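query.cif (mmCIF, C-alpha atoms)
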data_target
loop_
_atom_site.label_atom_id
_atom_site.label_comp_id
_atom_site.auth_asym_id
_atom_site.auth_seq_id
_atom_site.Cartn_x
_atom_site.Cartn_y
_atom_site.Cartn_z
CA MET A 279 -266.90 4.28 -77.50
CA ARG A 280 -269.83 1.91 -78.21
CA LYS A 281 -268.55 1.32 -81.78
CA THR A 282 -265.19 0.12 -80.49
CA LEU A 283 -266.74 -2.02 -77.74
CA GLY A 284 -267.10 -5.17 -79.88
CA PRO A 285 -263.45 -5.27 -81.04
CA LEU A 286 -262.34 -4.31 -77.52
CA VAL A 287 -264.24 -7.28 -76.01
CA VAL A 288 -262.49 -9.58 -78.51
CA VAL A 289 -259.07 -8.09 -77.68
CA VAL A 290 -259.67 -8.45 -73.92
CA GLY A 291 -260.87 -12.04 -74.41
CA ILE A 292 -257.74 -12.92 -76.41
CA MET A 293 -255.52 -11.27 -73.80
CA PHE A 294 -257.15 -13.18 -70.94
CA VAL A 295 -256.81 -16.46 -72.83
CA ALA A 296 -253.16 -15.70 -73.74
CA ALA A 297 -252.19 -14.50 -70.26
CA PRO A 298 -251.93 -17.96 -68.57
CA PHE A 299 -249.61 -19.20 -71.34
CA LEU A 300 -247.33 -16.17 -71.01
CA ILE A 301 -247.45 -16.41 -67.22
CA ALA A 302 -246.55 -20.11 -67.44
CA GLN A 303 -243.52 -19.16 -69.57
CA ALA A 304 -242.42 -16.47 -67.06
CA PRO A 305 -239.45 -17.41 -64.86
CA TYR A 306 -239.85 -18.74 -61.31
CA GLU A 307 -239.02 -16.26 -58.58
CA SER A 308 -236.10 -17.70 -56.57
CA THR A 309 -237.64 -17.72 -53.06
CA MET A 310 -241.39 -18.04 -53.67
CA GLY A 311 -241.39 -20.32 -56.70
CA LEU A 312 -244.61 -21.01 -58.60
CA ILE A 313 -246.97 -19.22 -56.20
CA GLN A 314 -245.33 -15.86 -57.03
CA LYS A 315 -247.13 -16.04 -60.38
CA ILE A 316 -250.36 -15.00 -58.64
CA PHE A 317 -248.78 -11.51 -58.72
CA TYR A 318 -249.47 -11.41 -62.48
CA PHE A 319 -253.19 -11.05 -61.83
CA HIS A 320 -253.32 -10.00 -58.16
CA VAL A 321 -251.48 -6.71 -58.81
CA PRO A 322 -253.39 -5.89 -62.06
CA SER A 323 -256.72 -6.46 -60.27
CA TRP A 324 -255.72 -3.73 -57.79
CA MET A 325 -254.67 -1.51 -60.72
CA ALA A 326 -258.16 -1.93 -62.19
CA MET A 327 -259.67 -1.23 -58.77
CA TYR A 328 -257.67 2.00 -58.47
CA ALA A 329 -258.83 3.01 -61.97
CA ALA A 330 -262.43 2.33 -60.86
CA ILE A 331 -261.94 4.32 -57.65
CA THR A 332 -260.51 7.27 -59.61
CA VAL A 333 -263.49 7.32 -62.01
CA CYS A 334 -265.94 6.89 -59.12
CA GLY A 335 -264.29 9.65 -57.07
CA VAL A 336 -264.03 12.19 -59.90
CA SER A 337 -267.58 11.47 -61.11
CA SER A 338 -268.94 11.70 -57.57
CA ALA A 339 -267.24 15.08 -57.08
CA ILE A 340 -268.74 16.35 -60.34
CA TYR A 341 -272.17 15.07 -59.32
CA LEU A 342 -271.86 16.48 -55.81
CA PHE A 343 -270.83 19.98 -56.90
CA ARG A 344 -272.41 20.28 -60.38
CA SER A 345 -275.39 17.86 -60.10
CA ARG A 346 -274.71 16.28 -63.50
CA ALA A 347 -276.83 13.13 -63.91
CA ALA A 348 -274.34 11.60 -66.39
CA ALA A 349 -271.57 11.89 -63.78
CA ASP A 350 -273.75 10.02 -61.29
CA ARG A 351 -274.21 7.19 -63.79
CA TYR A 352 -270.42 6.90 -64.20
CA ALA A 353 -269.97 7.04 -60.42
CA VAL A 354 -272.34 4.18 -59.64
CA SER A 355 -270.95 2.08 -62.49
CA ALA A 356 -267.35 2.61 -61.38
CA GLY A 357 -268.39 2.02 -57.75
CA GLU A 358 -269.65 -1.47 -58.63
CA LEU A 359 -266.43 -2.17 -60.51
CA ALA A 360 -264.31 -0.98 -57.58
CA VAL A 361 -266.06 -3.61 -55.44
CA LEU A 362 -265.64 -6.29 -58.14
CA PHE A 363 -261.91 -5.73 -58.72
CA GLY A 364 -261.32 -5.21 -55.00
CA LEU A 365 -262.90 -8.60 -54.37
CA MET A 366 -260.56 -10.15 -56.95
CA GLY A 367 -257.59 -8.62 -55.11
CA LEU A 368 -258.89 -9.69 -51.71
CA ILE A 369 -259.41 -13.29 -52.86
CA THR A 370 -256.23 -13.77 -54.92
CA GLY A 371 -254.06 -12.16 -52.20
CA PRO A 372 -254.87 -14.70 -49.45
CA LEU A 373 -254.40 -17.56 -51.96
CA TRP A 374 -250.84 -16.32 -52.36
CA GLY A 375 -250.48 -15.60 -48.61
CA ARG A 376 -251.51 -19.13 -47.63
CA LYS A 377 -248.44 -20.48 -49.41
CA ALA A 378 -246.03 -17.59 -48.86
CA TRP A 379 -246.90 -16.73 -45.24
CA GLY A 380 -248.53 -19.96 -44.08
CA VAL A 381 -251.78 -18.14 -43.22
CA TRP A 382 -254.75 -16.94 -45.25
CA TRP A 383 -254.95 -13.53 -43.58
CA GLN A 384 -252.92 -11.16 -41.40
CA TRP A 385 -254.47 -8.14 -39.71
CA ASP A 386 -251.61 -5.90 -40.83
CA ALA A 387 -251.85 -2.33 -42.14
CA ARG A 388 -252.14 -3.12 -45.87
CA LEU A 389 -254.60 -5.98 -45.67
CA THR A 390 -256.81 -4.33 -43.07
CA SER A 391 -256.89 -0.95 -44.85
CA ALA A 392 -257.60 -2.63 -48.21
CA LEU A 393 -260.50 -4.54 -46.62
CA LEU A 394 -261.85 -1.29 -45.11
CA MET A 395 -261.59 0.48 -48.48
CA GLU A 396 -263.56 -2.37 -50.07
CA MET A 397 -266.17 -2.06 -47.31
CA ILE A 398 -266.51 1.70 -47.92
CA PHE A 399 -267.39 1.02 -51.57
CA VAL A 400 -269.80 -1.75 -50.53
CA ALA A 401 -271.37 0.86 -48.19
CA TYR A 402 -271.56 3.26 -51.17
CA LEU A 403 -273.56 0.68 -53.16
CA LEU A 404 -275.78 -0.11 -50.17
CA VAL A 405 -276.59 3.59 -49.70
CA ARG A 406 -277.40 3.80 -53.43
CA LYS A 407 -279.69 0.78 -53.28
CA PHE A 408 -281.47 1.22 -49.96
CA GLY A 409 -281.00 4.94 -49.14
CA GLY A 410 -284.24 6.01 -50.79
CA PRO A 411 -284.85 9.21 -52.76
CA GLY A 412 -282.06 11.77 -52.54
CA SER A 413 -279.50 9.26 -51.30
CA GLU A 414 -277.34 9.85 -54.41
CA LYS A 415 -275.67 12.90 -52.83
CA LEU A 416 -274.96 11.04 -49.59
CA ALA A 417 -273.56 8.14 -51.62
CA ALA A 418 -271.38 10.56 -53.63
CA ALA A 419 -269.91 11.88 -50.37
CA THR A 420 -269.24 8.29 -49.25
CA ALA A 421 -267.45 7.64 -52.56
CA LEU A 422 -265.27 10.73 -52.04
CA PHE A 423 -264.39 9.41 -48.57
CA GLY A 424 -263.50 6.04 -50.09
CA THR A 425 -261.39 7.69 -52.79
CA ALA A 426 -259.50 9.69 -50.15
CA THR A 427 -258.48 6.45 -48.41
CA ALA A 428 -256.97 4.98 -51.60
CA PRO A 429 -253.54 6.73 -51.43
CA PHE A 430 -253.16 5.70 -47.77
CA VAL A 431 -253.92 2.08 -48.64
CA TYR A 432 -251.38 2.20 -51.47
CA LYS A 433 -248.62 3.77 -49.33
CA SER A 434 -249.45 1.77 -46.17
CA VAL A 435 -246.75 -0.82 -46.94
CA ASP A 436 -244.11 1.92 -47.07
CA ILE A 437 -245.35 3.82 -43.99
CA TRP A 438 -245.91 0.90 -41.60
CA ARG A 439 -244.05 -2.36 -41.11
CA THR A 440 -246.21 -5.01 -42.74
CA VAL A 441 -245.79 -8.55 -44.01
CA HIS A 442 -247.10 -7.46 -47.42
CA PRO A 443 -244.50 -6.77 -50.15
CA LYS A 444 -243.66 -3.09 -50.60
CA THR A 445 -244.83 -0.92 -53.51
CA SER A 446 -241.34 -1.18 -55.02
CA VAL A 447 -242.17 -4.73 -56.15
CA VAL A 448 -244.50 -3.40 -58.90
CA PRO A 449 -241.94 -1.23 -60.77
CA LEU A 450 -239.48 -4.13 -60.45
CA LEU A 451 -241.96 -6.55 -62.06
CA ALA A 452 -242.89 -4.05 -64.76
CA ALA A 453 -239.25 -3.40 -65.56
CA GLY A 454 -238.68 -7.13 -65.90
CA SER A 455 -236.44 -7.53 -62.84
CA MET A 456 -236.47 -11.25 -63.59
CA PRO A 457 -235.72 -11.76 -67.29
CA GLY A 458 -238.99 -12.57 -69.03
CA SER A 459 -241.30 -11.23 -66.29
CA GLY A 460 -241.97 -7.81 -67.86
CA MET A 461 -244.01 -8.96 -70.84
CA PRO A 462 -246.58 -11.16 -69.01
CA PHE A 463 -246.95 -8.52 -66.31
CA ALA A 464 -247.55 -5.77 -68.89
CA LEU A 465 -250.04 -7.96 -70.79
CA SER A 466 -251.97 -8.82 -67.61
CA SER A 467 -252.03 -5.19 -66.49
CA ILE A 468 -253.31 -3.95 -69.87
CA ALA A 469 -255.88 -6.80 -69.99
CA PHE A 470 -257.28 -5.88 -66.58
CA VAL A 471 -257.46 -2.15 -67.36
CA LEU A 472 -259.17 -2.91 -70.70
CA LEU A 473 -261.57 -5.28 -68.93
CA PHE A 474 -262.39 -2.39 -66.61
CA VAL A 475 -263.08 -0.13 -69.64
CA VAL A 476 -265.33 -2.79 -71.23
CA LEU A 477 -267.30 -3.43 -68.04
CA LEU A 478 -267.60 0.30 -67.32
CA THR A 479 -269.01 0.93 -70.82
CA LEU A 480 -271.54 -1.91 -70.42
CA ARG A 481 -272.57 -0.76 -66.94
CA VAL A 482 -272.92 2.91 -67.98
CA ASN A 483 -275.11 1.75 -70.87
CA LEU A 484 -277.32 -0.09 -68.36
CA ALA A 485 -277.50 3.04 -66.16
CA GLU A 486 -278.53 5.13 -69.19
CA ARG A 487 -281.30 2.65 -70.08
CA GLN A 488 -282.50 2.71 -66.46
CA ALA A 489 -282.59 6.54 -66.59
CA ALA A 490 -284.56 6.38 -69.85
CA LEU A 491 -287.04 3.98 -68.21
CA ASP A 492 -287.46 6.36 -65.24
CA GLU A 493 -288.18 9.19 -67.70
CA MET A 494 -290.80 7.03 -69.43
CA TYR A 495 -292.53 6.41 -66.09
CA LEU A 496 -292.49 10.14 -65.33
CA ALA A 497 -293.91 10.94 -68.77
CA LEU A 498 -296.67 8.36 -68.23
CA GLU A 499 -297.59 9.90 -64.88
CA ASP A 500 -297.85 13.37 -66.49
CA MET B 69 -280.01 -25.79 -11.51
CA SER B 70 -281.30 -29.34 -11.94
CA PHE B 71 -278.92 -32.25 -12.49
CA ARG B 72 -280.31 -32.72 -16.00
CA ARG B 73 -279.53 -29.12 -17.02
CA LEU B 74 -276.05 -29.43 -15.55
CA LEU B 75 -275.50 -32.61 -17.54
CA ILE B 76 -276.67 -30.93 -20.77
CA ALA B 77 -274.42 -27.93 -20.12
CA LEU B 78 -271.39 -30.13 -19.44
CA THR B 79 -272.05 -32.32 -22.48
CA SER B 80 -272.46 -29.24 -24.71
CA PHE B 81 -269.23 -27.77 -23.36
CA VAL B 82 -267.29 -30.96 -24.04
CA LEU B 83 -268.75 -31.36 -27.53
CA LEU B 84 -268.23 -27.74 -28.50
CA SER B 85 -264.72 -27.49 -27.13
CA ALA B 86 -263.57 -30.80 -28.61
CA PRO B 87 -262.59 -29.31 -31.99
CA SER B 88 -260.46 -26.65 -30.34
CA PHE B 89 -258.57 -29.32 -28.36
CA ALA B 90 -258.27 -31.39 -31.50
CA GLN B 91 -256.79 -28.40 -33.38
CA GLN B 92 -254.06 -27.65 -30.86
CA ALA B 93 -250.89 -26.50 -32.61
CA PRO B 94 -248.11 -29.08 -32.81
CA PRO B 95 -245.08 -28.46 -30.60
CA GLY B 96 -242.89 -25.69 -32.05
CA GLN B 97 -239.75 -26.41 -33.99
CA SER B 98 -236.50 -25.51 -32.32
CA GLU B 99 -234.89 -24.25 -35.52
CA PHE B 100 -235.75 -22.95 -39.01
CA VAL B 101 -236.69 -25.68 -41.47
CA PRO B 102 -236.66 -24.77 -45.17
CA ILE B 103 -239.94 -25.60 -46.90
CA LYS B 104 -238.28 -28.05 -49.27
CA ASP B 105 -237.07 -30.08 -46.28
CA LEU B 106 -240.54 -30.48 -44.79
CA PRO B 107 -242.22 -33.89 -45.11
CA PRO B 108 -244.41 -34.10 -48.27
CA GLY B 109 -247.60 -34.04 -46.15
CA ASP B 110 -246.69 -30.60 -44.73
CA GLN B 111 -245.81 -29.03 -48.07
CA LEU B 112 -248.61 -27.00 -49.63
CA PRO B 113 -248.84 -27.38 -53.42
CA ALA B 114 -248.83 -24.00 -55.22
CA ALA B 115 -250.52 -25.01 -58.48
CA PRO B 116 -254.08 -25.47 -57.10
CA LEU B 117 -253.86 -22.06 -55.37
CA LEU B 118 -252.62 -20.42 -58.58
CA ILE B 119 -255.35 -22.06 -60.67
CA ALA B 120 -258.00 -21.16 -58.06
CA ALA B 121 -256.91 -17.51 -58.16
CA TYR B 122 -257.10 -17.32 -61.96
CA ALA B 123 -260.41 -19.22 -62.04
CA PHE B 124 -261.90 -16.83 -59.48
CA VAL B 125 -260.95 -13.83 -61.65
CA TRP B 126 -262.69 -15.41 -64.66
CA ILE B 127 -265.78 -16.48 -62.70
CA ALA B 128 -266.16 -13.07 -61.04
CA ALA B 129 -265.86 -11.20 -64.36
CA MET B 130 -268.29 -13.58 -66.10
CA PHE B 131 -270.76 -13.42 -63.23
CA TYR B 132 -270.69 -9.62 -63.27
CA MET B 133 -271.25 -9.56 -67.05
CA TRP B 134 -274.18 -11.95 -66.57
CA THR B 135 -275.74 -9.63 -63.93
CA ILE B 136 -275.43 -6.66 -66.34
CA TRP B 137 -277.05 -8.69 -69.13
CA ARG B 138 -279.87 -9.80 -66.79
CA ARG B 139 -280.54 -6.27 -65.53
CA LEU B 140 -280.44 -4.87 -69.07
CA ASN B 141 -282.95 -7.49 -70.25
CA LYS B 142 -285.25 -6.60 -67.36
CA VAL B 143 -285.09 -2.88 -68.20
CA GLU B 144 -285.67 -3.51 -71.91
CA THR B 145 -288.68 -5.74 -71.17
CA GLU B 146 -290.11 -3.09 -68.86
CA MET B 147 -289.54 -0.36 -71.45
CA HIS B 148 -291.24 -2.46 -74.12
CA ALA B 149 -294.24 -3.10 -71.88
CA LEU B 150 -294.46 0.59 -70.99
CA ALA B 151 -294.28 1.64 -74.65
CA GLN B 152 -297.14 -0.73 -75.48
CA LYS B 153 -299.16 0.63 -72.56
CA THR B 154 -298.58 4.21 -73.76
CA ALA B 155 -299.54 3.32 -77.35
CA ARG B 156 -302.85 1.79 -76.18
CA ARG B 157 -303.88 5.06 -74.50
#
Could you take the file, read its structure, and then write that structure out as structure tokens?
Amino acid sequence: MRKTLGPLVVVVGIMFVAAPFLIAQAPYESTMGLIQKIFYFHVPSWMAMYAAITVCGVSSAIYLFRSRAAADRYAVSAGELAVLFGLMGLITGPLWGRKAWGVWWQWDARLTSALLMEMIFVAYLLVRKFGGPGSEKLAAATALFGTATAPFVYKSVDIWRTVHPKTSVVPLLAAGSMPGSGMPFALSSIAFVLLFVVLLTLRVNLAERQAALDEMYLALED
Amino acid sequence: MSFRRLLIALTSFVLLSAPSFAQQAPPGQSEFVPIKDLPPGDQLPAAPLLIAAYAFVWIAAMFYMWTIWRRLNKVETEMHALAQKTARR
């Protein structure tokens, strides 16, 4: 993976530079107009967050039941990225909402549950940082709890009546419901997922170096 | 309560509540008004919001990469110092 990291960083950089031009070329949605174009990076940021949550949840389960140190390194790295991409979603969403709804925030099912999910992963990182020795297992359980909330957050717009657009909007965008919308949406989605892969690789590398440093300290004490 | 305290309390109340009175909602409209028919001052431009959203994504990603680079540098420096310490023994 490390060998392909350099070219991957270049590809992601090119995609992020190209994305605004493709998004600018995309057609205007009839009712929302220009502001609808926030969807092209609001939705992909949630996709990247869900990818991060999946990695964090699976790695935490492996660490919790098999005590594999490598899994813990993946879990904490993906946990940080879940918070990062969640923050992107939580900031870009209200920027769209201010224009589309007239308000920055609504305490409806989707927005509230998404905020709570973000807070669970912030809690995960706080437990990791300030929980002291042995807090990794407690943090792993917190991550599993956070991962379990993810499907409810995703389906909340279909279960409850909310002001947030339903999940059906994503397949429509991906399928190019408006002629010319499919390509920029696909490019943005791939760019965000690849950005997640790049950041995860860098962060796991950092966690491995930190583990090596801890081992050096232990060896010095012996 | 002394007159002075009462005066301070009343003044504080007036000063603190002034913004809420100032921000009272305008009288409601009697019918639906399409956004394009609103006066230019009431229309919210979309472009700055769109640019702000994209800029935030870039800044957040760059900031996170910078924190990784900073933490990695710190670990590498510490490892180097520790290796030198071990070699001296």
Rank A:Ala417, A:Ala347, A:Val321, A:Ile369 by their smallest atom-to-atom distance to chain B, using all atoms listed in the file, and report the top residue only.
->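 Looking at the shortest contact to chain B, the residue is A:Ile369.
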Find the residues in chain B near chain A: any atom within 12 Å counts, using all atoms listed in the file. Write them as a VMD selection string.
-> chain B and resid 102 to 104 110 to 155 157
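Pairwise distance (CA of Leu393 (chain A), CA of Leu368 (chain A)) equals 7.4 Å.
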Enter the distance from CA of Leu451 (chain A) to CA of Leu389 (chain A), in Å, rounded to one decimal.
->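 Rounded to one decimal, the two atoms are 20.7 Å apart.
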Excluding same-chain residues fewer than 4 positions from Val441 (chain A), what lies within 9 Å of it counting only C-alpha atoms, as an MDAnalysis selection string?
-> chainID A and resid 379 384 386:388 435
Do you know which residues the PyMOL selection byres ((chain A and resi 459) around 12) returns on this file, as a PyMOL selection string?
-> chain A and resi 300-307+314-315+317-318+448-458+460-466
Mind pulling up the distance from CA of Val336 (chain A) to CA of Glu396 (chain A)?
-> 17.6 Å
Quick one: residues within 9 Å of region 341-343 of chain A, all atoms listed in the file counted, chain neighbours fewer than 2 positions away excluded, as a list of chain:residue names?
->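 Selected residues are A:Val336, A:Ser337, A:Ser338, A:Ala339, A:Ser345, A:Arg346, A:Ala347, A:Ala348, A:Ala349, A:Asp350, A:Ala353, A:Glu414, A:Lys415, A:Leu416, A:Ala418, A:Ala419.
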How would the residues just picked look written out with C-alpha atoms as a CSV table (one decimal), keeping the file's coordinate frame?
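The resulting file, selection.csv, is shown below:
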chain,number,residue,atom,x,y,z
A,336,VAL,CA,-264.0,12.2,-59.9
A,337,SER,CA,-267.6,11.5,-61.1
A,338,SER,CA,-268.9,11.7,-57.6
A,339,ALA,CA,-267.2,15.1,-57.1
A,345,SER,CA,-275.4,17.9,-60.1
A,346,ARG,CA,-274.7,16.3,-63.5
A,347,ALA,CA,-276.8,13.1,-63.9
A,348,ALA,CA,-274.3,11.6,-66.4
A,349,ALA,CA,-271.6,11.9,-63.8
A,350,ASP,CA,-273.8,10.0,-61.3
A,353,ALA,CA,-270.0,7.0,-60.4
A,414,GLU,CA,-277.3,9.8,-54.4
A,415,LYS,CA,-275.7,12.9,-52.8
A,416,LEU,CA,-275.0,11.0,-49.6
A,418,ALA,CA,-271.4,10.6,-53.6
A,419,ALA,CA,-269.9,11.9,-50.4
